[in-house]
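Structure first, then comments.
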Amino acid sequence: MDKQQLSKDILKLVGGEENIDQVTHCMTRLRFNLNDNQKADKATLKNTPGVMGVMENGGQFQVIIGNDVPIVYNALVGNMSKSPTADNASSGASTGEKKKRNPISALFDFISGMFTPILPAITGAGMIKGIVAILVAVGWLSDTSSTYIILSAIGDGAFYFLPIILAISAARKLGSNMYIAAALAAGIMHPTITALLADGHNSSFMGITVIAATYSSTVIPIVLAVWIASYVEKAVDRVVHASLKLLIVPTVTLLIMVPLTLMTVGPLGTVLGNGLSGGISWLFDNMSIFASILIGGTMSLLIITGMHYALLPIVVGSMTTLGYDFIIPLMFAANLAQGGAAFGVGLRSRNSKTKSLAYSTGLTAIMGITEPAMYGINMKFKKPFIAALIGGAIAGAFMGIFNVKSYVITGLAGLPSIAAFVSPAISTLIYALVGGLIAIVAAAIITYILGFQEENASEPVAAPAATTSAAVTEEAKAQDEQVFSPITGEVKPLSEVPDPAFSEEIMGKGFAIQPSEGRVVSPINGTVFSLSKSGHAIGLVSDTGAEMLIHIGIDTVKLKGQFFSPKVQAGAKVAVGDVLMEFDREQIEKAGYTTITPVIITNMHQYESIESAGRTTIKEKDLLFTAKA
């Protein structure tokens, strides 16, 4: 592919040189700060050969290129009369970027960044609550036994103390002290305070009324409190001498924020939370079918745009306030509809490779992981995605008619989460299963009827064109590739990475690691073919041809190399276990960035699948996954 022509196409499609305020690049993408994002032609850009995807994040317009991004970037800048890079931009540029940032986009980013890290805790607790409900329903466990009490405490603990968990996560996202935030939440949930306010009578603090409210299992009060506390903490920090910060900053912040939360912020948040939960309950009580069709039919669109994160506080609030939720069943229906549409593609396709991919991704979708089916099959062929939306709406109507509720929060809305629908009335579980079956069958049938154009199934070309014989030779050389862990930490699926380029597997497939140490070693025997200037990303190619990317954190390119210490240079030969990079994990996180690290194969066209080694925690040089040729 002609990179000069590609750069010219991108320059034109982002609105021309006059629309570019700044442009930089990281390991995989061009990062534009545009004067007006609306002037960029996203649809055409996405379909441009050589462009793997387009996304907007925090007001920044990003064009995903892949390993060739340095070449395209140099060609792009060479075609411009000026060089609007971040390094050359005025100090006011960053301020301008913040000023132009879409408030709604910023809100969704905050909500997703706050809830994503805590999902494992509330999902695990929710599943335990579901299992306990099943055991009681089938008569295998008595609800008066000590075993039941202990298991219930395990399931309820994360929800009861949800304000403390949320306080830590919100503070981390806001860049304030997580432990001061936790102490704030602990203060308003202290048993003495709880008992003081439990009788429903207002108390007072220094003559000022403290309104009675309950804060266990709530969301909005603590989020508002931590948000305000972040400003108080930073204001105090600015005026206190460095030698006294440790003593004065937390003391003053807590003395101001705990009473303020009890007197104003907490009650206001409680009213807002109860209002949201009550509003959702009213909607489903009075317009159940309409609401279910609307949400069930558009849920996949919400997921694509990231707007589904806005539903998380509502889901958690409904669950903790009402004891059940109406939205999770509709997520369940929408996800299974994506799987059904993929099955429909498999039934109709005449291409054996498409059939295999459709069936495998359809299966993962009904298990709750929809990205492979949604992006790899349904959206690629277009009509199956429309069929999935219709299937979700039909199943949503069924869920609404029979008033299907979820009684626990689950991480993946698929068949493994069926325990969420267990209640004393076994009919809820039956209706949920029937609704899921309707979603699968309806989407599959509609896909089969609508059909699709098979010739549009090929992947967009993202590398220089090659002759057929050369491509065949390259495929023939592919071998299974064992990838060992470059970092010690906790293994995560890519779906948990808060960046669509990775979570939606646009860049490639693999796994992510949440580091517990600040060092990266080589996962393969091969060569370092690229190292970002900021040090946050490393490109490798193995001796057998696997191209890999290790991306330390998300948006850490903005640190411009701070806290990163490379130990190799591009072109270096490396073996498994050789040190590639050291980084200050704590300082990066303190600066407000997640350090979750995707480890992916970027030339997945040479491989059939990724096979996990099955570890949840991992050490350097342990087997992470195998790329199966």
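Residues in the structure tokens are named by chain (A, B, ... in the order shown) and by number from 1 within that chain; ligands are numbered from 1 in the order shown.
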
* Near-segment 251-266 of chain A list (7 Å; only C-alpha atoms; drop same-chain fewer than 4 positions) as number ranges by chain -> A: 184, 187-188, 209-211, 221, 224-225, 229, 232-233, 247, 270

Selection export as an mmCIF file, in the first residue's frame, atoms kept: all heavy atoms:
```cif
data_model
loop_
_atom_site.group_PDB
_atom_site.id
_atom_site.type_symbol
_atom_site.label_atom_id
_atom_site.label_comp_id
_atom_site.auth_asym_id
_atom_site.auth_seq_id
_atom_site.Cartn_x
_atom_site.Cartn_y
_atom_site.Cartn_z
ATOM 1 N N LEU A 184 -13.338 8.662 53.826
ATOM 2 C CA LEU A 184 -14.577 9.448 53.749
ATOM 3 C C LEU A 184 -15.787 8.530 53.713
ATOM 4 O O LEU A 184 -16.770 8.724 54.451
ATOM 5 C CB LEU A 184 -14.526 10.333 52.501
ATOM 6 C CG LEU A 184 -15.832 10.984 52.033
ATOM 7 C CD1 LEU A 184 -16.434 11.842 53.126
ATOM 8 C CD2 LEU A 184 -15.585 11.811 50.770
ATOM 9 N N GLY A 187 -16.325 6.822 56.977
ATOM 10 C CA GLY A 187 -16.865 7.729 57.982
ATOM 11 C C GLY A 187 -18.375 7.816 57.939
ATOM 12 O O GLY A 187 -19.048 7.747 58.981
ATOM 13 N N ILE A 188 -18.945 7.942 56.740
ATOM 14 C CA ILE A 188 -20.406 8.073 56.660
ATOM 15 C C ILE A 188 -21.111 6.733 56.855
ATOM 16 O O ILE A 188 -22.311 6.700 57.094
ATOM 17 C CB ILE A 188 -20.838 8.700 55.317
ATOM 18 C CG1 ILE A 188 -20.503 7.789 54.135
ATOM 19 C CG2 ILE A 188 -20.214 10.067 55.141
ATOM 20 C CD1 ILE A 188 -21.071 8.269 52.804
ATOM 21 N N THR A 209 -28.349 20.866 60.903
ATOM 22 C CA THR A 209 -29.120 19.632 60.773
ATOM 23 C C THR A 209 -28.407 18.604 59.906
ATOM 24 O O THR A 209 -27.872 18.930 58.838
ATOM 25 C CB THR A 209 -30.502 19.922 60.161
ATOM 26 O OG1 THR A 209 -31.201 20.826 61.023
ATOM 27 C CG2 THR A 209 -31.314 18.636 59.989
ATOM 28 N N VAL A 210 -28.388 17.372 60.378
ATOM 29 C CA VAL A 210 -27.896 16.233 59.609
ATOM 30 C C VAL A 210 -29.125 15.406 59.225
ATOM 31 O O VAL A 210 -29.797 14.843 60.086
ATOM 32 C CB VAL A 210 -26.907 15.371 60.410
ATOM 33 C CG1 VAL A 210 -26.506 14.135 59.612
ATOM 34 C CG2 VAL A 210 -25.687 16.187 60.789
ATOM 35 N N ILE A 211 -29.419 15.358 57.939
ATOM 36 C CA ILE A 211 -30.639 14.698 57.462
ATOM 37 C C ILE A 211 -30.466 13.187 57.500
ATOM 38 O O ILE A 211 -29.427 12.646 57.089
ATOM 39 C CB ILE A 211 -30.967 15.147 56.027
ATOM 40 C CG1 ILE A 211 -31.188 16.666 56.013
ATOM 41 C CG2 ILE A 211 -32.186 14.421 55.476
ATOM 42 C CD1 ILE A 211 -31.347 17.248 54.633
ATOM 43 N N PRO A 221 -24.502 9.180 46.254
ATOM 44 C CA PRO A 221 -23.977 10.028 47.334
ATOM 45 C C PRO A 221 -22.459 10.021 47.444
ATOM 46 O O PRO A 221 -21.827 11.074 47.529
ATOM 47 C CB PRO A 221 -24.641 9.430 48.592
ATOM 48 C CG PRO A 221 -25.903 8.819 48.087
ATOM 49 C CD PRO A 221 -25.568 8.277 46.745
ATOM 50 N N LEU A 224 -20.669 11.759 44.342
ATOM 51 C CA LEU A 224 -20.700 13.214 44.470
ATOM 52 C C LEU A 224 -19.717 13.686 45.544
ATOM 53 O O LEU A 224 -18.995 14.675 45.350
ATOM 54 C CB LEU A 224 -22.112 13.688 44.824
ATOM 55 C CG LEU A 224 -23.176 13.594 43.724
ATOM 56 C CD1 LEU A 224 -24.540 13.969 44.285
ATOM 57 C CD2 LEU A 224 -22.820 14.496 42.554
ATOM 58 N N ALA A 225 -19.684 12.978 46.664
ATOM 59 C CA ALA A 225 -18.811 13.369 47.768
ATOM 60 C C ALA A 225 -17.338 13.289 47.372
ATOM 61 O O ALA A 225 -16.555 14.197 47.655
ATOM 62 C CB ALA A 225 -19.083 12.487 48.988
ATOM 63 N N ALA A 229 -14.672 16.199 47.116
ATOM 64 C CA ALA A 229 -13.484 16.018 47.954
ATOM 65 C C ALA A 229 -12.196 16.146 47.147
ATOM 66 O O ALA A 229 -11.173 16.602 47.666
ATOM 67 C CB ALA A 229 -13.532 14.655 48.651
ATOM 68 N N VAL A 232 -11.406 19.760 47.119
ATOM 69 C CA VAL A 232 -10.986 20.205 48.453
ATOM 70 C C VAL A 232 -9.552 19.749 48.726
ATOM 71 O O VAL A 232 -8.700 20.532 49.175
ATOM 72 C CB VAL A 232 -11.934 19.653 49.537
ATOM 73 C CG1 VAL A 232 -11.404 19.973 50.931
ATOM 74 C CG2 VAL A 232 -13.339 20.214 49.356
ATOM 75 N N GLU A 233 -9.283 18.477 48.448
ATOM 76 C CA GLU A 233 -7.952 17.920 48.687
ATOM 77 C C GLU A 233 -6.882 18.673 47.903
ATOM 78 O O GLU A 233 -5.814 19.029 48.446
ATOM 79 C CB GLU A 233 -7.946 16.441 48.295
ATOM 80 C CG GLU A 233 -6.607 15.751 48.459
ATOM 81 C CD GLU A 233 -6.605 14.361 47.865
ATOM 82 O OE1 GLU A 233 -7.691 13.743 47.783
ATOM 83 O OE2 GLU A 233 -5.519 13.890 47.464
ATOM 84 N N LEU A 247 0.226 15.453 57.060
ATOM 85 C CA LEU A 247 -0.589 15.656 58.258
ATOM 86 C C LEU A 247 -1.835 16.494 57.966
ATOM 87 O O LEU A 247 -2.943 16.137 58.382
ATOM 88 C CB LEU A 247 0.250 16.348 59.340
ATOM 89 C CG LEU A 247 -0.467 16.692 60.651
ATOM 90 C CD1 LEU A 247 -0.901 15.420 61.369
ATOM 91 C CD2 LEU A 247 0.439 17.543 61.534
ATOM 92 N N THR A 270 -28.800 10.750 47.694
ATOM 93 C CA THR A 270 -29.806 9.727 47.992
ATOM 94 C C THR A 270 -31.113 10.015 47.260
ATOM 95 O O THR A 270 -31.739 9.120 46.689
ATOM 96 C CB THR A 270 -30.058 9.649 49.513
ATOM 97 O OG1 THR A 270 -28.834 9.317 50.174
ATOM 98 C CG2 THR A 270 -31.099 8.595 49.834
#
```

* Once DSSP has gone over the backbone, tell me which residues of segment 244-419 of chain A are in helix (DSSP H, G or I), as a PyMOL selection string. => chain A and resi 244-286+288-305+307-322+327-348+352-366+371-381+383-401+415-419

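If you look at atom CA of Gln60 of chain A and atom CA of Phe32 of chain A, they are 5.9 Å away from each other.
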
* Asked: Do you know which residues are at most 6 Å from segment 362-369 of chain A counting only C-alpha atoms, after dropping those on the same chain fewer than 6 positions away, and could you put them as JSON, numbers by chain?
  -> {"A": [336, 339, 342, 343, 412, 413, 414, 415]}

Tell me which protein, DNA and RNA residues are within 12 Å of Ile293 of chain A, counting only C-alpha atoms, leaving out same-chain ones fewer than 3 positions away, and put them as a compact mmCIF listing (two decimals) with C-alpha atoms, in the first residue's frame.
```txt
# COMPACT_ATOMS: atom_id res chain seq x y z
CA PHE A 284 -41.31 -0.49 33.42
CA MET A 287 -44.67 1.36 29.74
CA SER A 288 -42.99 -2.01 30.14
CA ILE A 289 -43.32 -3.32 26.58
CA PHE A 290 -42.29 -0.03 24.93
CA GLY A 296 -33.53 -4.45 23.89
CA GLY A 297 -33.36 -3.22 20.31
CA THR A 298 -30.79 -0.49 20.88
CA MET A 299 -28.56 -2.06 23.54
CA ILE A 327 -32.02 -3.65 32.29
CA PRO A 329 -32.42 -9.03 31.12
CA LEU A 330 -32.46 -6.74 28.07
CA MET A 331 -28.64 -6.86 27.86
CA ALA A 333 -31.49 -10.56 25.12
CA ALA A 334 -29.33 -8.22 23.02
CA LEU A 389 -31.10 -5.43 16.73
CA ILE A 390 -34.53 -6.70 15.63
CA GLY A 391 -34.01 -9.97 17.50
CA GLY A 392 -33.07 -8.03 20.64
CA ALA A 393 -36.21 -5.92 20.32
CA ILE A 394 -38.48 -8.97 19.86
CA ALA A 395 -36.93 -10.74 22.84
CA GLY A 396 -37.12 -7.47 24.78
CA ALA A 397 -40.86 -7.32 24.14
CA PHE A 398 -41.22 -10.83 25.53
CA MET A 399 -39.16 -9.88 28.60
CA GLY A 400 -41.37 -6.83 29.13
CA ILE A 401 -44.64 -8.73 28.77
CA ALA A 439 -33.48 -13.65 20.71
```

* Asked: Which value, in Å to one decimal, gives the distance between atom CA of Glu56 of chain A and atom CA of Pro117 of chain A?
  ->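 If I compute the distance from atom CA of Glu56 of chain A to atom CA of Pro117 of chain A, I get 21.3 Å.
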
* In terms of the shortest atom-to-atom distance over only C-alpha atoms, which of A:Leu549, A:Ala198, A:Ile538, A:Ile208 is closest to Gly508 of chain A? ->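 Among A:Leu549, A:Ala198, A:Ile538, A:Ile208, it is A:Leu549 that comes nearest to Gly508 of chain A.
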
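Of the residues in segment 524-590 of chain A, those that DSSP places in strand (DSSP E or B) on the basis of the backbone are Gly526, Thr527, Val528, Phe529, Ser530, Leu531, Ala537, Ile538, Gly539, Leu540, Val541, Ser542, Glu547, Met548, Leu549, Ile550, His551, Phe564, Ser565, Pro566, Lys573, Val574, Val579, Leu580, Met581, Glu582 and Phe583 of chain A.
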
Would you export the selected residues with C-alpha atoms as a CSV table (one decimal), in the first residue's frame, please?
```csv
chain,number,residue,atom,x,y,z
A,526,GLY,CA,12.8,-12.6,18.4
A,527,THR,CA,13.5,-9.0,17.6
A,528,VAL,CA,12.3,-5.6,18.9
A,529,PHE,CA,11.1,-3.9,15.7
A,530,SER,CA,9.8,-0.8,17.3
A,531,LEU,CA,9.8,1.1,20.6
A,537,ALA,CA,4.6,0.5,23.8
A,538,ILE,CA,6.9,-2.2,22.5
A,539,GLY,CA,6.6,-4.0,19.1
A,540,LEU,CA,8.2,-7.4,18.7
A,541,VAL,CA,8.4,-10.0,16.0
A,542,SER,CA,9.2,-13.6,16.9
A,547,GLU,CA,4.1,-9.8,15.4
A,548,MET,CA,3.3,-8.6,18.9
A,549,LEU,CA,2.5,-5.5,20.7
A,550,ILE,CA,2.9,-4.8,24.5
A,551,HIS,CA,1.1,-1.6,25.4
A,564,PHE,CA,9.3,4.7,31.7
A,565,SER,CA,12.8,3.4,31.4
A,566,PRO,CA,13.6,1.4,28.2
A,573,LYS,CA,17.6,-9.4,19.4
A,574,VAL,CA,15.8,-10.7,22.6
A,579,VAL,CA,14.3,-7.2,30.3
A,580,LEU,CA,12.7,-4.8,27.8
A,581,MET,CA,11.3,-2.0,30.0
A,582,GLU,CA,11.0,-0.8,33.6
A,583,PHE,CA,8.2,1.6,34.6
```

Within 12 Å of Ala235 of chain A, counting only C-alpha atoms, which residues qualify if same-chain residues fewer than 4 places away don't, as a PDB file with N, CA, C and O atoms, in the first residue's frame?
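Output saved as out.pdb:
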```pdb
ATOM      1  N   SER A 176      -7.258  11.814  42.724  1.00  0.00           N
ATOM      2  CA  SER A 176      -7.098  12.196  44.122  1.00  0.00           C
ATOM      3  C   SER A 176      -6.678  10.980  44.942  1.00  0.00           C
ATOM      4  O   SER A 176      -6.565   9.871  44.422  1.00  0.00           O
ATOM      5  N   ILE A 228     -16.384  16.166  44.940  1.00  0.00           N
ATOM      6  CA  ILE A 228     -16.158  17.432  45.639  1.00  0.00           C
ATOM      7  C   ILE A 228     -14.877  17.349  46.474  1.00  0.00           C
ATOM      8  O   ILE A 228     -14.076  18.287  46.517  1.00  0.00           O
ATOM      9  N   ALA A 229     -14.672  16.199  47.116  1.00  0.00           N
ATOM     10  CA  ALA A 229     -13.484  16.018  47.954  1.00  0.00           C
ATOM     11  C   ALA A 229     -12.196  16.146  47.147  1.00  0.00           C
ATOM     12  O   ALA A 229     -11.173  16.602  47.666  1.00  0.00           O
ATOM     13  N   SER A 230     -12.238  15.741  45.878  1.00  0.00           N
ATOM     14  CA  SER A 230     -11.026  15.847  45.049  1.00  0.00           C
ATOM     15  C   SER A 230     -10.595  17.300  44.900  1.00  0.00           C
ATOM     16  O   SER A 230      -9.396  17.609  44.886  1.00  0.00           O
ATOM     17  N   TYR A 231     -11.570  18.222  44.801  1.00  0.00           N
ATOM     18  CA  TYR A 231     -11.246  19.638  44.704  1.00  0.00           C
ATOM     19  C   TYR A 231     -10.761  20.191  46.045  1.00  0.00           C
ATOM     20  O   TYR A 231      -9.823  21.000  46.096  1.00  0.00           O
ATOM     21  N   VAL A 239      -1.860  24.945  49.175  1.00  0.00           N
ATOM     22  CA  VAL A 239      -1.505  26.022  50.115  1.00  0.00           C
ATOM     23  C   VAL A 239      -0.700  25.533  51.313  1.00  0.00           C
ATOM     24  O   VAL A 239      -0.203  26.344  52.092  1.00  0.00           O
ATOM     25  N   VAL A 240      -0.550  24.209  51.458  1.00  0.00           N
ATOM     26  CA  VAL A 240       0.162  23.663  52.612  1.00  0.00           C
ATOM     27  C   VAL A 240       1.616  23.383  52.244  1.00  0.00           C
ATOM     28  O   VAL A 240       1.905  22.888  51.146  1.00  0.00           O
ATOM     29  N   LYS A 245       2.175  18.375  54.434  1.00  0.00           N
ATOM     30  CA  LYS A 245       1.103  17.831  53.596  1.00  0.00           C
ATOM     31  C   LYS A 245       0.525  16.546  54.159  1.00  0.00           C
ATOM     32  O   LYS A 245      -0.690  16.347  54.187  1.00  0.00           O
ATOM     33  N   ILE A 248      -1.657  17.591  57.260  1.00  0.00           N
ATOM     34  CA  ILE A 248      -2.728  18.576  57.113  1.00  0.00           C
ATOM     35  C   ILE A 248      -3.748  18.207  56.049  1.00  0.00           C
ATOM     36  O   ILE A 248      -4.966  18.314  56.260  1.00  0.00           O
ATOM     37  N   VAL A 249      -3.295  17.750  54.869  1.00  0.00           N
ATOM     38  CA  VAL A 249      -4.214  17.542  53.739  1.00  0.00           C
ATOM     39  C   VAL A 249      -5.317  16.533  54.069  1.00  0.00           C
ATOM     40  O   VAL A 249      -6.508  16.841  53.910  1.00  0.00           O
ATOM     41  N   PRO A 250      -4.980  15.314  54.531  1.00  0.00           N
ATOM     42  CA  PRO A 250      -6.072  14.375  54.832  1.00  0.00           C
ATOM     43  C   PRO A 250      -6.939  14.820  55.998  1.00  0.00           C
ATOM     44  O   PRO A 250      -8.160  14.607  55.992  1.00  0.00           O
ATOM     45  N   VAL A 252      -7.732  17.951  57.041  1.00  0.00           N
ATOM     46  CA  VAL A 252      -8.664  19.011  56.652  1.00  0.00           C
ATOM     47  C   VAL A 252      -9.718  18.472  55.683  1.00  0.00           C
ATOM     48  O   VAL A 252     -10.914  18.799  55.797  1.00  0.00           O
ATOM     49  N   THR A 253      -9.284  17.635  54.743  1.00  0.00           N
ATOM     50  CA  THR A 253     -10.235  17.093  53.762  1.00  0.00           C
ATOM     51  C   THR A 253     -11.341  16.300  54.446  1.00  0.00           C
ATOM     52  O   THR A 253     -12.530  16.467  54.140  1.00  0.00           O
TER      53      THR A 253
END
```

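Compared by their closest atoms to Glu496 of chain A, and using only C-alpha atoms, the residues A:Gly78, A:Gly53, A:Gly571, A:Pro120 rank with A:Pro120 nearest.
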
* To do: Might you pull out every residue within 9 Å of Ala613 of chain A, with only C-alpha atoms counted and same-chain residues fewer than 3 positions away left off, and present them as a list in words?
  =>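 Result of the neighbour search: Asp622, Leu623, Leu624, Phe625 and Thr626 of chain A.
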
Using the selection just defined, write its residues with all heavy atoms as a PDB file, in the first residue's frame.
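The resulting again-v3.pdb:
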```
ATOM      1  N   ASP A 622       5.942 -17.187  32.660  1.00  0.00           N
ATOM      2  CA  ASP A 622       4.914 -18.238  32.639  1.00  0.00           C
ATOM      3  C   ASP A 622       4.203 -18.185  31.283  1.00  0.00           C
ATOM      4  O   ASP A 622       4.065 -17.109  30.689  1.00  0.00           O
ATOM      5  CB  ASP A 622       3.869 -18.019  33.745  1.00  0.00           C
ATOM      6  CG  ASP A 622       4.388 -18.363  35.122  1.00  0.00           C
ATOM      7  OD1 ASP A 622       5.446 -19.014  35.210  1.00  0.00           O
ATOM      8  OD2 ASP A 622       3.740 -17.968  36.108  1.00  0.00           O
ATOM      9  N   LEU A 623       3.732 -19.336  30.800  1.00  0.00           N
ATOM     10  CA  LEU A 623       3.003 -19.363  29.533  1.00  0.00           C
ATOM     11  C   LEU A 623       1.702 -18.580  29.676  1.00  0.00           C
ATOM     12  O   LEU A 623       0.905 -18.844  30.577  1.00  0.00           O
ATOM     13  CB  LEU A 623       2.702 -20.802  29.107  1.00  0.00           C
ATOM     14  CG  LEU A 623       1.957 -20.964  27.767  1.00  0.00           C
ATOM     15  CD1 LEU A 623       2.805 -20.433  26.611  1.00  0.00           C
ATOM     16  CD2 LEU A 623       1.589 -22.429  27.534  1.00  0.00           C
ATOM     17  N   LEU A 624       1.489 -17.593  28.784  1.00  0.00           N
ATOM     18  CA  LEU A 624       0.291 -16.767  28.817  1.00  0.00           C
ATOM     19  C   LEU A 624      -0.763 -17.298  27.847  1.00  0.00           C
ATOM     20  O   LEU A 624      -1.908 -17.530  28.226  1.00  0.00           O
ATOM     21  CB  LEU A 624       0.652 -15.316  28.467  1.00  0.00           C
ATOM     22  CG  LEU A 624      -0.500 -14.314  28.376  1.00  0.00           C
ATOM     23  CD1 LEU A 624      -1.247 -14.219  29.706  1.00  0.00           C
ATOM     24  CD2 LEU A 624       0.028 -12.935  27.957  1.00  0.00           C
ATOM     25  N   PHE A 625      -0.380 -17.500  26.575  1.00  0.00           N
ATOM     26  CA  PHE A 625      -1.305 -18.067  25.597  1.00  0.00           C
ATOM     27  C   PHE A 625      -0.512 -18.626  24.422  1.00  0.00           C
ATOM     28  O   PHE A 625       0.693 -18.382  24.284  1.00  0.00           O
ATOM     29  CB  PHE A 625      -2.332 -17.034  25.112  1.00  0.00           C
ATOM     30  CG  PHE A 625      -1.756 -15.864  24.354  1.00  0.00           C
ATOM     31  CD1 PHE A 625      -1.474 -15.942  22.987  1.00  0.00           C
ATOM     32  CD2 PHE A 625      -1.515 -14.650  24.998  1.00  0.00           C
ATOM     33  CE1 PHE A 625      -0.958 -14.859  22.293  1.00  0.00           C
ATOM     34  CE2 PHE A 625      -0.996 -13.566  24.306  1.00  0.00           C
ATOM     35  CZ  PHE A 625      -0.724 -13.673  22.950  1.00  0.00           C
ATOM     36  N   THR A 626      -1.213 -19.372  23.603  1.00  0.00           N
ATOM     37  CA  THR A 626      -0.619 -19.922  22.383  1.00  0.00           C
ATOM     38  C   THR A 626      -1.431 -19.456  21.193  1.00  0.00           C
ATOM     39  O   THR A 626      -2.659 -19.558  21.189  1.00  0.00           O
ATOM     40  CB  THR A 626      -0.603 -21.461  22.425  1.00  0.00           C
ATOM     41  OG1 THR A 626       0.144 -21.898  23.566  1.00  0.00           O
ATOM     42  CG2 THR A 626       0.037 -22.027  21.163  1.00  0.00           C
TER      43      THR A 626
END
```

* Asked: Which residues come within 9 Å of Ile64 of chain A, counting only C-alpha atoms, excluding same-chain residues fewer than 6 positions away, as a list in words?
  ->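 Counting only C-alpha atoms, the residues come to Thr28, Arg29, Leu30, Arg31, Gly50, Val51, Met52, Gly53, Val54, Met55, Ala501, Ile506 and Met507 of chain A.
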
Store the residues of this selection in a file with all heavy atoms, as a short mmCIF file (atom, residue, chain, number, x, y, z; two decimals), in the first residue's frame.
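The file below, selection-v8.cif, is the result:
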```
data_model
loop_
_atom_site.label_atom_id
_atom_site.label_comp_id
_atom_site.auth_asym_id
_atom_site.auth_seq_id
_atom_site.Cartn_x
_atom_site.Cartn_y
_atom_site.Cartn_z
N THR A 28 0.25 2.58 17.72
CA THR A 28 -0.71 1.98 16.79
C THR A 28 -1.62 2.97 16.10
O THR A 28 -2.31 2.60 15.15
CB THR A 28 -1.61 0.97 17.55
OG1 THR A 28 -2.30 1.68 18.60
CG2 THR A 28 -0.80 -0.16 18.13
N ARG A 29 -1.66 4.22 16.54
CA ARG A 29 -2.69 5.10 16.00
C ARG A 29 -2.21 6.54 15.88
O ARG A 29 -1.33 6.99 16.62
CB ARG A 29 -3.94 5.04 16.86
CG ARG A 29 -3.76 5.55 18.27
CD ARG A 29 -4.90 5.19 19.18
NE ARG A 29 -4.80 3.82 19.67
CZ ARG A 29 -5.66 3.24 20.47
NH1 ARG A 29 -6.70 3.92 20.89
NH2 ARG A 29 -5.49 2.00 20.87
N LEU A 30 -2.80 7.24 14.96
CA LEU A 30 -2.63 8.69 14.83
C LEU A 30 -3.59 9.34 15.79
O LEU A 30 -4.78 9.01 15.84
CB LEU A 30 -2.92 9.14 13.40
CG LEU A 30 -2.01 8.59 12.30
CD1 LEU A 30 -2.60 8.94 10.92
CD2 LEU A 30 -0.61 9.13 12.42
N ARG A 31 -3.10 10.31 16.56
CA ARG A 31 -3.93 10.97 17.57
C ARG A 31 -4.08 12.45 17.19
O ARG A 31 -3.12 13.21 17.29
CB ARG A 31 -3.30 10.83 18.96
CG ARG A 31 -3.26 9.38 19.46
CD ARG A 31 -2.42 9.27 20.73
NE ARG A 31 -2.54 7.94 21.32
CZ ARG A 31 -3.35 7.63 22.32
NH1 ARG A 31 -4.13 8.57 22.83
NH2 ARG A 31 -3.41 6.41 22.79
N GLY A 50 -6.07 0.33 4.81
CA GLY A 50 -4.94 0.77 5.61
C GLY A 50 -5.35 1.33 6.95
O GLY A 50 -4.53 1.48 7.86
N VAL A 51 -6.65 1.68 7.09
CA VAL A 51 -7.18 2.17 8.37
C VAL A 51 -7.93 1.04 9.05
O VAL A 51 -8.86 0.48 8.48
CB VAL A 51 -8.11 3.39 8.16
CG1 VAL A 51 -8.77 3.79 9.48
CG2 VAL A 51 -7.34 4.56 7.57
N MET A 52 -7.51 0.69 10.27
CA MET A 52 -8.11 -0.43 10.98
C MET A 52 -9.31 -0.02 11.82
O MET A 52 -10.12 -0.85 12.21
CB MET A 52 -7.06 -1.10 11.88
CG MET A 52 -5.85 -1.61 11.11
SD MET A 52 -4.58 -2.31 12.19
CE MET A 52 -5.38 -3.83 12.70
N GLY A 53 -9.43 1.26 12.10
CA GLY A 53 -10.56 1.71 12.89
C GLY A 53 -10.43 3.19 13.22
O GLY A 53 -9.36 3.79 13.05
N VAL A 54 -11.52 3.78 13.68
CA VAL A 54 -11.56 5.19 14.06
C VAL A 54 -12.32 5.29 15.38
O VAL A 54 -13.33 4.61 15.56
CB VAL A 54 -12.27 6.05 13.00
CG1 VAL A 54 -12.37 7.50 13.45
CG2 VAL A 54 -11.54 5.96 11.67
N MET A 55 -11.81 6.09 16.30
CA MET A 55 -12.51 6.26 17.57
C MET A 55 -12.24 7.66 18.12
O MET A 55 -11.26 8.30 17.76
CB MET A 55 -12.09 5.19 18.58
CG MET A 55 -10.60 5.16 18.88
SD MET A 55 -10.15 3.87 20.05
CE MET A 55 -10.74 4.60 21.57
N ALA A 501 -10.02 0.00 20.93
CA ALA A 501 -9.05 -0.57 19.98
C ALA A 501 -8.53 -1.91 20.47
O ALA A 501 -8.20 -2.79 19.67
CB ALA A 501 -7.89 0.39 19.78
N ILE A 506 -9.67 -4.78 17.72
CA ILE A 506 -9.39 -4.15 16.44
C ILE A 506 -7.92 -4.32 16.08
O ILE A 506 -7.56 -4.58 14.93
CB ILE A 506 -9.75 -2.64 16.49
CG1 ILE A 506 -11.26 -2.47 16.68
CG2 ILE A 506 -9.29 -1.93 15.22
CD1 ILE A 506 -11.69 -1.04 16.91
N MET A 507 -7.04 -4.21 17.08
CA MET A 507 -5.60 -4.30 16.84
C MET A 507 -5.11 -5.73 16.72
O MET A 507 -4.09 -5.99 16.08
CB MET A 507 -4.85 -3.60 17.97
CG MET A 507 -5.00 -2.09 17.99
SD MET A 507 -4.47 -1.35 16.44
CE MET A 507 -2.85 -2.06 16.28
#
```
